[in-house]
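Undergrad: Next up is a structure, given as C-alpha cells.
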Amino acid sequence: MDFVGTLSGKGRAIILQSERNVVAKKHPPAERKHSNTRRIAGWSGVLAALIVIVAGILWFQSRTCPGAESLLASAQADDSAQYVGVAACQSCHTAETAEWRQSQHQAAMAEASEQSVLGDFNDATFTYAGITSTFSRRDGKFFVRTDGPDGKLADYQIKYTFGVYPLQQYLIEFPDGRLQALSIAWDTHAREVGGQRWFHLYPKEQITHDDELHWTRAAQNWNFVCADCHSTELKKNYDAAANRFQTSWAEINVGCEACHGPGSRHLAWAAAMQAGKSATDDGSKGLSVRLDERRGVTWAPNAAGNSVRSQPRTAEREIEVCAQCHSRRGQIAEGYEAGKPFLDYYRPVLLTSPLYHPDGQQRDEVFIWGSFQQSRMFAKGVTCSDCHNPHSGKLRAEGNAVCATCHQPVKYDTTQHHHHTPGSAGAACAACHMPTTTYMVVDPRHDHSLRVPRPDQSVKFGTPNACNGCHTDRKAAWAAAQVKKWFGHDPQGYQRFAPAFAAANAGLPDAQALLGAVAGDAAQPPIVRATAFAEMDDPSTRAGAEALVGGLRDASALVRLGALQTLASIPLDARPQLGVPLLTDPMRAIRIEAASVLAPVASQLDAAQKAAFDRAAAEYIAAERYRADRPEHRTNLGSFLGALGRYEEAALEFRAALVLDPRYVPAYANFADTLRAQGNETGATAILRDGLKAVPAAATLQHSLGLALVRQGETESAVVALQRAATLDPSNPRYAYVYAVALNSTGKPSEAIRVAERALKQHPYNRDLLTVRVLFLRDTGNLPAARRAAEQLDKAFPDDPAVERLLVELRAAGSR
C-alpha cells in the first residue's frame with residue numbers, strides 16, 4: 001500500500017509513502033548501493049546464512065533432505081535466526097506464495113525495470129511550479145530531467161519503483177547513499193477513470209527547490225521515512241560522522257519473513273522432520289512467533305445478530321506484526337521481528353490533533369492501527385486476518401459479505417438498518433461505518449475505527465460524518481435530523497470521548513476535568529485513555545492526580561506511555577516518586593520516556609534510582625543516535641544531554657542538527673535555552689540572532705530573544721522582539737500574554753489591555769490572558785470593567801479560590 005506522511009512545520013502534508021516520525025511531547029520536533037557483503041555483518045554471518053539458504057533450497061527442490069544433518073548442525077552452531085528469502089518458503093507454502101506474488105507487499109519496492117516501471121517514460125513531460133520535467137529512457141534505464149537541490153534542471157536515473165497501486169513513486173539515488181522520493185508520481189488507475197497520468201503530490205502548492213517539501217530535501221528521504229516498511233530486514237546504516245547511508249536489506253520488498261520473522265530455524269526444523277531426525281521444538285516449529293490467535297476460534301451469532309468469539313483474544317501478536325508498518329509511529333530501535341514487543345522498537349502516536357479529529361476519525365494519514373485500536377471490533381477480539389487475507393492483502397470476501405461473517409445480514413443488510421436502496425453505494429457497510437479520506441491525491445483510505453455515523457457530533461464539534469461525505473449538498477444538521485428520525489434518538493456508538501478531546505483542542509475551561517474522566521475510565525479503549533493523559537496539562541485536581549497515579553501503574557503499556565506524558569507537566573520535585581518505577585518498565589518506549597521526563601531531576605535520585613535512570617538514559621541516547629540523520633532527533637538529544645548537565649555534548653548535538661538543516665528553528669531555540677541554563681546569556685542571545693538571520697519569521701526565536709533581552713536589561717529591544725513574536729504567531733496565546741505583560745511593565749497599560757483583549761477574541765478561555773486583563777484594568781483604576789472581566793474569569797474557572805478572592809477584592813473596592 002502507498003502511504004502519506006506527517007504534517008510539516010507549515011501545516012502541510014509531507015507526501016511520502018511510510019513516514020513515521022514521532023517527536024516526544026516535551027521536546028520540540030525536533031540509498032544505497034546494494035552488495036551481498038553489506039547484507040549480513042561479518043563473513044562468519046554470511047557463511048552461516050549461505051549454509052542455511054543453500055541447504056534449505058536443495059531440500060525444497062528435491063522434497064528430500066540429504067543436507068538435513070549439516071543444516072541442523074549449522075542452526076545449532078549459530079542460535080541466531082537468519083533471513084532466508086521467499087524462495088526458501090515457496091516449495092512448502094505454494095498457495096500462500098502464489099497469493100503473495102499478486103499482493104502489494106510483493107510490489108512494495110523493486111529495481112526499476114521494464115516489468116516494474118508503470119509510468120510513461122517515452123519522453124513524457126509534466127509542468128509544475130514553472131518547471132517542465134521530462135521522463136525518458138535510454139540504454140534500458142529510466143530517467144527524469146527535473147529541478148535538483150539547486151533548482152537547476154538535471155538528469156536523474158530512476159533507481160527503484162516504490163508502490164504499485166493506486167500510484168507509483170520513483171526513487172533516485174544520491175552519492176551519499178540517500179534515496180529521495182520524487183514528488184511527481186504516476187496515477188496507476190485505469191485511463192477511463194482519470195488514471196495513467198503524471199501528477200504532483202502537492203497540486204495546490206508551488207514547491208520549489210528551496211522548500212522543505214521539495215523532493216531533494218529531508219522530508220522526502222526514503223532511508224529514514226519510508227524504507228523500514230517497504231523492505232525486509234531493513235538496516236539503515238547511517239554514518240553520522242560522514243553523514244552517509246549504506247542502507248541494506250535482506251529482500252527488497254515485503255517478503256514472508258517481514259511478518260513471520262527470520263526463517264532459518266524453521267527450515268532446520270522442517271528439514272529435521274522430513275529426514276526423521278529429532279529436533280528440539282517448543283511448539284514454535286522454529287518460527288520466531290506463531291501467529292495463531294485465530295486457530296481453533298469460532299464466531300457464533302448471538303440473539304442481537306452479532307457474532308461472539310468462542311474464546312477471548314489474550315494477545316496482540318498478529319496485530320503488532322501488522323502495526324510495525326500499518327501505524328503512525330517513530331522507530332526507536334532496529335531489529336524488530338515478529339513476536340517481539342511492538343513498544344520495544346516503535347513509539348506510536350496517539351489520537352491527538354491534528355492527526356485525528358476529536359472523535360477519533362482519521363485526519364492526517366495514520367495507517368490503520370490507531371483507528372482500529374479504538375474500535376469495538378478490537379475490543380471484541382477481532383484481528384486483522386479475520387477480515388483480510390494476510391498473504392494476498394485482499395478482503396476475505398467482497399463488499400458486505402466480509403461484514404456478514406459476523407453481522408447477520410437478515411438484521412443489518414436491510415433497508416430497515418441502512419435506509420438506502422439495496423445494492424446502492426449507500427447500502428454498503430463500509431460507506432457508513434468506514435468512510436474514506438483521500439491521501440496522496442488519488443488514494444482513498446477507509447477509516448478502521450468502524451464507527452456509527454455521528455452527524456450530531458458534526459453539528460457540535462465540526463467533525464466529519466459519513467452521511468455528509470455523500471450528501472455534500474446538505475448540512476450536518478439535516479443529516480443529524482434524518483438519523484434521529486430513523487432510530488428515534490441520536491446515535492451513541494462505541495467511541496464516546498469526543499467532548500473531552502474537542503474541549504482540549506479548543507482550550508475550554510472544563511477540558512482538564514473531561515480529560516481526567518476519560519483517562520480514569522477503565523471502560524475506554526487503552527489508546528483513548530493514553531490520549532487523554534497525553535492531552536492533560538494540569539492533573540492538579542484530586543481526580544486528575546488519582547487518574548495519573550493509576551495510569552502510571554496501568555496494565556496497558558499504552559496507558560502508561562500516555563500517563564508519562566502527563567507526568568512531564570507536573571512540578572519537578574514530584575516526578576521521581578511517580579516516575580522512577582517506569583525506568584524499569586518491560587517496554588523500551590516507556591523506559592526512554594521515563595528517562596526523558598526524569599532527566600531534569602536525575603541528580604536528585606538515590607544510588608539505586610540513579611542506576612536505573614542511567615540504564616534507561618543509555619537507551620534514550622541510543623534511540624536518538626539511531627535517528628541521528630534527522631535534525632529533530634539531534635535536537636532532542638541535545639536537550640536531553642543539556643538537562644543532565646552534559647553541556648559540551650549537548651552543544652555538539654545542536655550544532656550537528658544545524659548542519660543537517662540550517663533553518664531548523666527548534667535547534668536554535670533549545671541550544672539557546674541550554675546556554676541560558678549555564679548562565680551564558682550572551683551566547684544564548686547570539687544563537688538566537690543567528691537563527692533569526694536564517695529564519696527571520698520564526699516567532700519562537702523572536703519570543704526567546706525578547707525574554708533573553710529582558711534578562712539582560714535591554715527592555716526597549718525586548719519589547720520589540722516580543723511584539724514581533726505575537727504578531728508572527730497569533731495562534732500562540734503565550735506570546736500575546738508575555739507581550740502584554742511587557743507593555744504593562746514599561747508603562748503602557750492601555751496598550752497592554754488592548755493586546756490582551758485582541759488575543760482573547762482568538763483564545764477566549766486562556767486563563768493567563770483573562771487574568772492579566774483583570775489586573776491591568778484594576779491597576780488603571782477602571783474598577784467596573786475589572787469586575788466584569790473578573791466575573792468572566794470566574795465563569796470560565798468556577799470554584800477557583802484565587803479567582804474568587806480577586807472577585808471579592810474588586811467588589812469590596814467598588815463599594816467603597
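A note on labels: chains of the C-alpha cells are A, B, ... as shown, every chain counts residues from 1, and ligands are counted from 1 in their shown order.
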Please identify which residues in stretch 184-233 of chain A DSSP calls helix (DSSP H, G or I) from the backbone, and express them as a VMD selection string.
TA: chain A and resid 191 to 193 218 to 220 222 to 225 227 to 230
Undergrad: For A:Ser103, find every residue with an atom within 10 Å (counting only C-alpha atoms), except residues of its own chain fewer than 3 positions away, and show them as a PyMOL selection string.
TA: chain A and resi 1+97-100+106-108+164+254+390-394
Undergrad: Choose the residue, out of A:Gln723, A:Ser80, A:Thr771, A:Thr682, that has the smallest atom-to-atom separation from A:Arg711; count only C-alpha atoms.
TA: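 Under the stated criterion, the closest residue is A:Thr682.
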Undergrad: One decimal, Å: what's the distance from atom CA of A:Gly255 over to atom CA of A:Phe378, could you say?
TA: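 Computing it gives 26.1 Å between the two atoms.
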Undergrad: Given only C-alpha atoms as the basis, pick out the residue of A:Pro499, A:Gly713, A:Pro444, A:Pro509 nearest to A:Leu167.
TA: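 For A:Leu167, the nearest of the candidates is A:Pro444.
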Undergrad: Residues near stretch 137-148 of chain A, anyone? I mean within 12 Å using only C-alpha atoms, not counting same-chain ones fewer than 4 positions away, as an MDAnalysis selection string.
TA: chainID A and resid 111:133 152:161 170:174 180 182:185 207:211 214:217
Undergrad: As a list in words, please: every residue in stretch 338-582 of chain A that a backbone DSSP assignment puts in strand (DSSP E or B).
TA: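 Matching residues for strand (DSSP E or B) in stretch 338-582 of chain A are Tyr346, Arg347, Pro348, Tyr356, Gln362, His388, Leu395, His407, Thr436, Thr437, Thr438, Tyr439, Asp443, Pro444, Arg445 and His446 of chain A.
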Undergrad: Now that the selection is made, can you save its residues with all heavy atoms as a compact mmCIF listing (two decimals), in the first residue's frame?
TA:
# COMPACT_ATOMS: atom_id res chain seq x y z
N TYR A 346 9.13 0.67 18.54
CA TYR A 346 8.38 1.78 17.96
C TYR A 346 7.64 2.54 19.05
O TYR A 346 7.23 1.97 20.06
CB TYR A 346 7.38 1.27 16.92
CG TYR A 346 8.02 0.45 15.82
CD1 TYR A 346 7.92 -0.93 15.82
CD2 TYR A 346 8.74 1.07 14.81
CE1 TYR A 346 8.52 -1.69 14.82
CE2 TYR A 346 9.34 0.32 13.81
CZ TYR A 346 9.24 -1.05 13.83
OH TYR A 346 9.83 -1.80 12.84
N ARG A 347 7.48 3.83 18.80
CA ARG A 347 6.68 4.67 19.69
C ARG A 347 5.51 5.21 18.88
O ARG A 347 5.68 6.12 18.08
CB ARG A 347 7.53 5.81 20.24
CG ARG A 347 6.82 6.67 21.28
CD ARG A 347 7.73 7.82 21.70
NE ARG A 347 7.20 8.58 22.81
CZ ARG A 347 6.31 9.55 22.70
NH1 ARG A 347 5.83 9.86 21.51
NH2 ARG A 347 5.89 10.21 23.76
N PRO A 348 4.32 4.66 19.07
CA PRO A 348 3.18 5.07 18.24
C PRO A 348 2.64 6.43 18.66
O PRO A 348 2.71 6.82 19.82
CB PRO A 348 2.15 3.98 18.50
CG PRO A 348 2.45 3.51 19.89
CD PRO A 348 3.95 3.61 20.04
N TYR A 356 -5.71 13.28 14.19
CA TYR A 356 -7.06 12.74 14.28
C TYR A 356 -8.05 13.86 14.57
O TYR A 356 -7.70 14.88 15.19
CB TYR A 356 -7.16 11.71 15.41
CG TYR A 356 -6.40 10.43 15.17
CD1 TYR A 356 -5.05 10.34 15.49
CD2 TYR A 356 -7.02 9.30 14.65
CE1 TYR A 356 -4.33 9.17 15.29
CE2 TYR A 356 -6.32 8.12 14.45
CZ TYR A 356 -4.98 8.06 14.77
OH TYR A 356 -4.28 6.89 14.57
N GLN A 362 -9.84 9.45 11.40
CA GLN A 362 -8.56 9.79 10.78
C GLN A 362 -8.65 11.16 10.12
O GLN A 362 -9.66 11.53 9.53
CB GLN A 362 -8.17 8.73 9.76
CG GLN A 362 -9.14 8.59 8.59
CD GLN A 362 -8.78 7.45 7.65
OE1 GLN A 362 -7.90 6.66 7.93
NE2 GLN A 362 -9.48 7.38 6.53
N HIS A 388 -8.98 -9.72 6.55
CA HIS A 388 -8.03 -9.64 5.44
C HIS A 388 -7.27 -10.94 5.30
O HIS A 388 -6.81 -11.52 6.28
CB HIS A 388 -7.03 -8.50 5.67
CG HIS A 388 -7.64 -7.14 5.76
ND1 HIS A 388 -7.85 -6.35 4.66
CD2 HIS A 388 -8.10 -6.44 6.83
CE1 HIS A 388 -8.40 -5.21 5.05
NE2 HIS A 388 -8.57 -5.24 6.36
N LEU A 395 -9.48 -8.52 0.96
CA LEU A 395 -10.53 -8.93 1.88
C LEU A 395 -10.86 -10.40 1.68
O LEU A 395 -10.77 -10.93 0.58
CB LEU A 395 -11.78 -8.08 1.66
CG LEU A 395 -11.68 -6.61 2.06
CD1 LEU A 395 -12.93 -5.85 1.60
CD2 LEU A 395 -11.50 -6.46 3.57
N HIS A 407 -21.84 -10.23 11.28
CA HIS A 407 -23.06 -9.45 11.49
C HIS A 407 -24.14 -10.00 10.57
O HIS A 407 -24.02 -9.91 9.34
CB HIS A 407 -22.79 -7.97 11.23
CG HIS A 407 -21.66 -7.43 12.06
ND1 HIS A 407 -21.78 -7.16 13.40
CD2 HIS A 407 -20.37 -7.12 11.73
CE1 HIS A 407 -20.63 -6.72 13.87
NE2 HIS A 407 -19.76 -6.69 12.87
N THR A 436 -14.08 6.97 3.82
CA THR A 436 -12.72 7.15 3.32
C THR A 436 -12.26 8.60 3.42
O THR A 436 -13.05 9.53 3.42
CB THR A 436 -12.61 6.71 1.85
OG1 THR A 436 -13.49 7.52 1.06
CG2 THR A 436 -12.96 5.25 1.68
N THR A 437 -10.95 8.74 3.52
CA THR A 437 -10.27 10.02 3.36
C THR A 437 -9.21 9.82 2.29
O THR A 437 -8.51 8.81 2.30
CB THR A 437 -9.62 10.48 4.67
OG1 THR A 437 -10.61 10.59 5.68
CG2 THR A 437 -8.92 11.82 4.50
N THR A 438 -9.11 10.75 1.36
CA THR A 438 -8.17 10.60 0.25
C THR A 438 -6.83 11.22 0.60
O THR A 438 -6.75 12.37 1.03
CB THR A 438 -8.72 11.24 -1.03
OG1 THR A 438 -9.93 10.56 -1.40
CG2 THR A 438 -7.72 11.11 -2.18
N TYR A 439 -5.78 10.42 0.42
CA TYR A 439 -4.42 10.86 0.65
C TYR A 439 -3.64 10.75 -0.66
O TYR A 439 -4.01 10.03 -1.57
CB TYR A 439 -3.74 10.02 1.74
CG TYR A 439 -4.50 10.05 3.05
CD1 TYR A 439 -5.34 9.01 3.42
CD2 TYR A 439 -4.39 11.15 3.90
CE1 TYR A 439 -6.04 9.06 4.61
CE2 TYR A 439 -5.10 11.21 5.09
CZ TYR A 439 -5.92 10.15 5.44
OH TYR A 439 -6.62 10.21 6.62
N ASP A 443 -5.64 8.45 -3.52
CA ASP A 443 -5.72 7.21 -2.74
C ASP A 443 -6.70 7.32 -1.58
O ASP A 443 -6.32 7.73 -0.48
CB ASP A 443 -4.33 6.86 -2.22
CG ASP A 443 -4.26 5.45 -1.66
OD1 ASP A 443 -5.27 4.73 -1.74
OD2 ASP A 443 -3.19 5.07 -1.15
N PRO A 444 -7.97 6.93 -1.79
CA PRO A 444 -8.93 6.95 -0.67
C PRO A 444 -8.69 5.78 0.28
O PRO A 444 -8.58 4.64 -0.14
CB PRO A 444 -10.29 6.83 -1.38
CG PRO A 444 -9.99 6.13 -2.66
CD PRO A 444 -8.60 6.53 -3.06
N ARG A 445 -8.61 6.06 1.59
CA ARG A 445 -8.36 5.01 2.59
C ARG A 445 -9.53 4.94 3.57
O ARG A 445 -10.02 5.95 4.06
CB ARG A 445 -7.10 5.31 3.38
CG ARG A 445 -5.94 5.78 2.55
CD ARG A 445 -5.04 4.66 2.09
NE ARG A 445 -3.93 5.25 1.32
CZ ARG A 445 -2.89 5.86 1.88
NH1 ARG A 445 -2.80 5.96 3.17
NH2 ARG A 445 -1.95 6.38 1.10
N HIS A 446 -9.93 3.73 3.90
CA HIS A 446 -11.02 3.51 4.84
C HIS A 446 -10.56 3.74 6.28
O HIS A 446 -9.48 3.33 6.67
CB HIS A 446 -11.57 2.10 4.71
CG HIS A 446 -12.40 1.89 3.48
ND1 HIS A 446 -13.68 2.37 3.36
CD2 HIS A 446 -12.13 1.26 2.31
CE1 HIS A 446 -14.17 2.03 2.18
NE2 HIS A 446 -13.24 1.37 1.52
Undergrad: Could you tell me how far atom CA of A:His419 lies from atom CA of A:Asp473, in Å and to one decimal?
TA: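 Taking atom CA of A:His419 as the start and atom CA of A:Asp473 as the end point, the length is 18.7 Å.
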Undergrad: From the set A:Arg328, A:His105, A:Lys761, A:Arg294, which residue has the shortest atom-to-atom contact distance to A:Ser231, counting only C-alpha atoms?
TA: A:His105
Undergrad: Need to verify the contact set: A:Gly462, 12 Å, only C-alpha atoms, exclusion of same-chain residues closer than 2 positions in sequence. Can you return it as a ChimeraX atom specification?
TA: /A:357-359,361,454-460,464-465,468,475-477,498-499,502,505-506
Undergrad: Any idea what's packed within 7 Å of A:Ser264, counting only C-alpha atoms, ignoring anything in its chain fewer than 4 positions away? Could you give it as a list of chain:residue names?
TA: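 The residues satisfying every condition are A:Val52, A:Ala81, A:Gln82, A:Tyr83, A:Val84, A:Ala268.
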Undergrad: Store the residues of this selection in a file with all heavy atoms, as a PDB file, in the first residue's frame.
TA:
ATOM      1  N   VAL A  52      22.615 -22.212   5.490  1.00  0.00           N
ATOM      2  CA  VAL A  52      21.191 -22.426   5.749  1.00  0.00           C
ATOM      3  C   VAL A  52      20.376 -22.284   4.472  1.00  0.00           C
ATOM      4  O   VAL A  52      19.524 -23.117   4.150  1.00  0.00           O
ATOM      5  CB  VAL A  52      20.684 -21.428   6.816  1.00  0.00           C
ATOM      6  CG1 VAL A  52      19.179 -21.518   6.955  1.00  0.00           C
ATOM      7  CG2 VAL A  52      21.348 -21.728   8.153  1.00  0.00           C
ATOM      8  N   ALA A  81      18.650 -16.664  14.401  1.00  0.00           N
ATOM      9  CA  ALA A  81      17.955 -16.989  13.153  1.00  0.00           C
ATOM     10  C   ALA A  81      18.413 -16.052  12.049  1.00  0.00           C
ATOM     11  O   ALA A  81      18.715 -14.880  12.278  1.00  0.00           O
ATOM     12  CB  ALA A  81      16.458 -16.889  13.360  1.00  0.00           C
ATOM     13  N   GLN A  82      18.452 -16.590  10.831  1.00  0.00           N
ATOM     14  CA  GLN A  82      18.849 -15.823   9.663  1.00  0.00           C
ATOM     15  C   GLN A  82      17.663 -15.689   8.706  1.00  0.00           C
ATOM     16  O   GLN A  82      16.773 -16.528   8.678  1.00  0.00           O
ATOM     17  CB  GLN A  82      20.002 -16.512   8.936  1.00  0.00           C
ATOM     18  CG  GLN A  82      21.227 -16.760   9.794  1.00  0.00           C
ATOM     19  CD  GLN A  82      21.937 -15.486  10.203  1.00  0.00           C
ATOM     20  OE1 GLN A  82      21.952 -14.517   9.444  1.00  0.00           O
ATOM     21  NE2 GLN A  82      22.525 -15.479  11.391  1.00  0.00           N
ATOM     22  N   TYR A  83      17.710 -14.614   7.907  1.00  0.00           N
ATOM     23  CA  TYR A  83      16.693 -14.438   6.875  1.00  0.00           C
ATOM     24  C   TYR A  83      17.075 -15.271   5.652  1.00  0.00           C
ATOM     25  O   TYR A  83      18.230 -15.256   5.219  1.00  0.00           O
ATOM     26  CB  TYR A  83      16.565 -12.963   6.500  1.00  0.00           C
ATOM     27  CG  TYR A  83      15.844 -12.155   7.558  1.00  0.00           C
ATOM     28  CD1 TYR A  83      16.508 -11.725   8.700  1.00  0.00           C
ATOM     29  CD2 TYR A  83      14.493 -11.845   7.420  1.00  0.00           C
ATOM     30  CE1 TYR A  83      15.847 -10.998   9.682  1.00  0.00           C
ATOM     31  CE2 TYR A  83      13.821 -11.122   8.394  1.00  0.00           C
ATOM     32  CZ  TYR A  83      14.507 -10.702   9.527  1.00  0.00           C
ATOM     33  OH  TYR A  83      13.842 -10.005  10.496  1.00  0.00           O
ATOM     34  N   VAL A  84      16.124 -16.010   5.126  1.00  0.00           N
ATOM     35  CA  VAL A  84      16.430 -16.960   4.060  1.00  0.00           C
ATOM     36  C   VAL A  84      15.743 -16.632   2.737  1.00  0.00           C
ATOM     37  O   VAL A  84      16.090 -17.212   1.707  1.00  0.00           O
ATOM     38  CB  VAL A  84      16.053 -18.394   4.496  1.00  0.00           C
ATOM     39  CG1 VAL A  84      16.870 -18.809   5.705  1.00  0.00           C
ATOM     40  CG2 VAL A  84      14.555 -18.515   4.791  1.00  0.00           C
ATOM     41  N   ALA A 268      15.355 -25.436   9.394  1.00  0.00           N
ATOM     42  CA  ALA A 268      16.069 -26.517  10.069  1.00  0.00           C
ATOM     43  C   ALA A 268      15.087 -27.489  10.724  1.00  0.00           C
ATOM     44  O   ALA A 268      15.257 -28.717  10.651  1.00  0.00           O
ATOM     45  CB  ALA A 268      17.019 -25.937  11.111  1.00  0.00           C
TER      46      ALA A 268
END
Undergrad: Fewer than 2 positions away in the same chain doesn't count, so skip those; otherwise give me all residues within 10 Å of A:Ala684, counting only C-alpha atoms, as a PDB file with C-alpha atoms, in the first residue's frame.
TA:
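See result.pdb below for the written result:
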ATOM      1  CA  TYR A 668      18.408  27.307  17.770  1.00  0.00           C
ATOM      2  CA  ALA A 669      15.775  27.704  20.491  1.00  0.00           C
ATOM      3  CA  ASN A 670      16.877  24.697  22.533  1.00  0.00           C
ATOM      4  CA  PHE A 671      20.562  25.477  22.075  1.00  0.00           C
ATOM      5  CA  ALA A 672      19.945  28.969  23.412  1.00  0.00           C
ATOM      6  CA  ASP A 673      17.947  27.580  26.324  1.00  0.00           C
ATOM      7  CA  THR A 674      20.782  25.225  27.233  1.00  0.00           C
ATOM      8  CA  LEU A 675      23.297  28.079  27.130  1.00  0.00           C
ATOM      9  CA  ARG A 676      20.996  30.153  29.339  1.00  0.00           C
ATOM     10  CA  ALA A 677      20.873  27.286  31.851  1.00  0.00           C
ATOM     11  CA  GLN A 678      24.672  27.602  32.066  1.00  0.00           C
ATOM     12  CA  GLY A 679      24.359  31.326  32.737  1.00  0.00           C
ATOM     13  CA  ASN A 680      25.652  32.224  29.292  1.00  0.00           C
ATOM     14  CA  GLU A 681      23.059  34.813  28.288  1.00  0.00           C
ATOM     15  CA  THR A 682      25.395  36.417  25.772  1.00  0.00           C
ATOM     16  CA  ALA A 686      23.984  35.210  19.791  1.00  0.00           C
ATOM     17  CA  ILE A 687      22.498  31.817  18.879  1.00  0.00           C
ATOM     18  CA  LEU A 688      19.001  33.304  18.714  1.00  0.00           C
ATOM     19  CA  ARG A 689      20.205  36.104  16.452  1.00  0.00           C
ATOM     20  CA  ASP A 690      21.900  33.537  14.205  1.00  0.00           C
ATOM     21  CA  SER A 704      13.017  33.689  23.121  1.00  0.00           C
ATOM     22  CA  LEU A 705      15.141  36.666  22.080  1.00  0.00           C
ATOM     23  CA  ALA A 708      16.743  36.974  26.798  1.00  0.00           C
TER      24      ALA A 708
END
Undergrad: When distances are computed from only C-alpha atoms, which of A:Val442, A:Val528, A:Leu810, A:Val402 shows the smallest separation from A:Arg197?
TA: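 Checking each of A:Val442, A:Val528, A:Leu810, A:Val402 against A:Arg197, counting only C-alpha atoms, the winner is A:Val442.
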Undergrad: What does the distance between atom CA of A:Gly638 and atom CA of A:Phe654 come to in Å, to one decimal place?
TA: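 Atom-to-atom, atom CA of A:Gly638 and atom CA of A:Phe654 are spaced 5.7 Å apart.
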Undergrad: Using only C-alpha atoms, which of the listed residues (A:Gly370, A:Ala599, A:Met109, A:Phe135) sits closest to A:Tyr165?
TA: A:Met109
Undergrad: Between A:Thr635, A:Gln792, A:Ser717, A:Asn732, which has the minimum distance to A:His763 (counting only C-alpha atoms)?
TA: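 Closest to A:His763, using only C-alpha atoms: A:Asn732.
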Undergrad: Pick out the residues sitting within 10 Å of stretch 612-625 of chain A, and hand them over as number ranges by chain; count only C-alpha atoms, and ignore anything fewer than 3 positions along from it in its own chain.
TA: A: 238, 240, 331-334, 345, 580-585, 588-596, 598-599, 602, 605, 607-609, 628-630, 632-638, 640-641, 644, 653
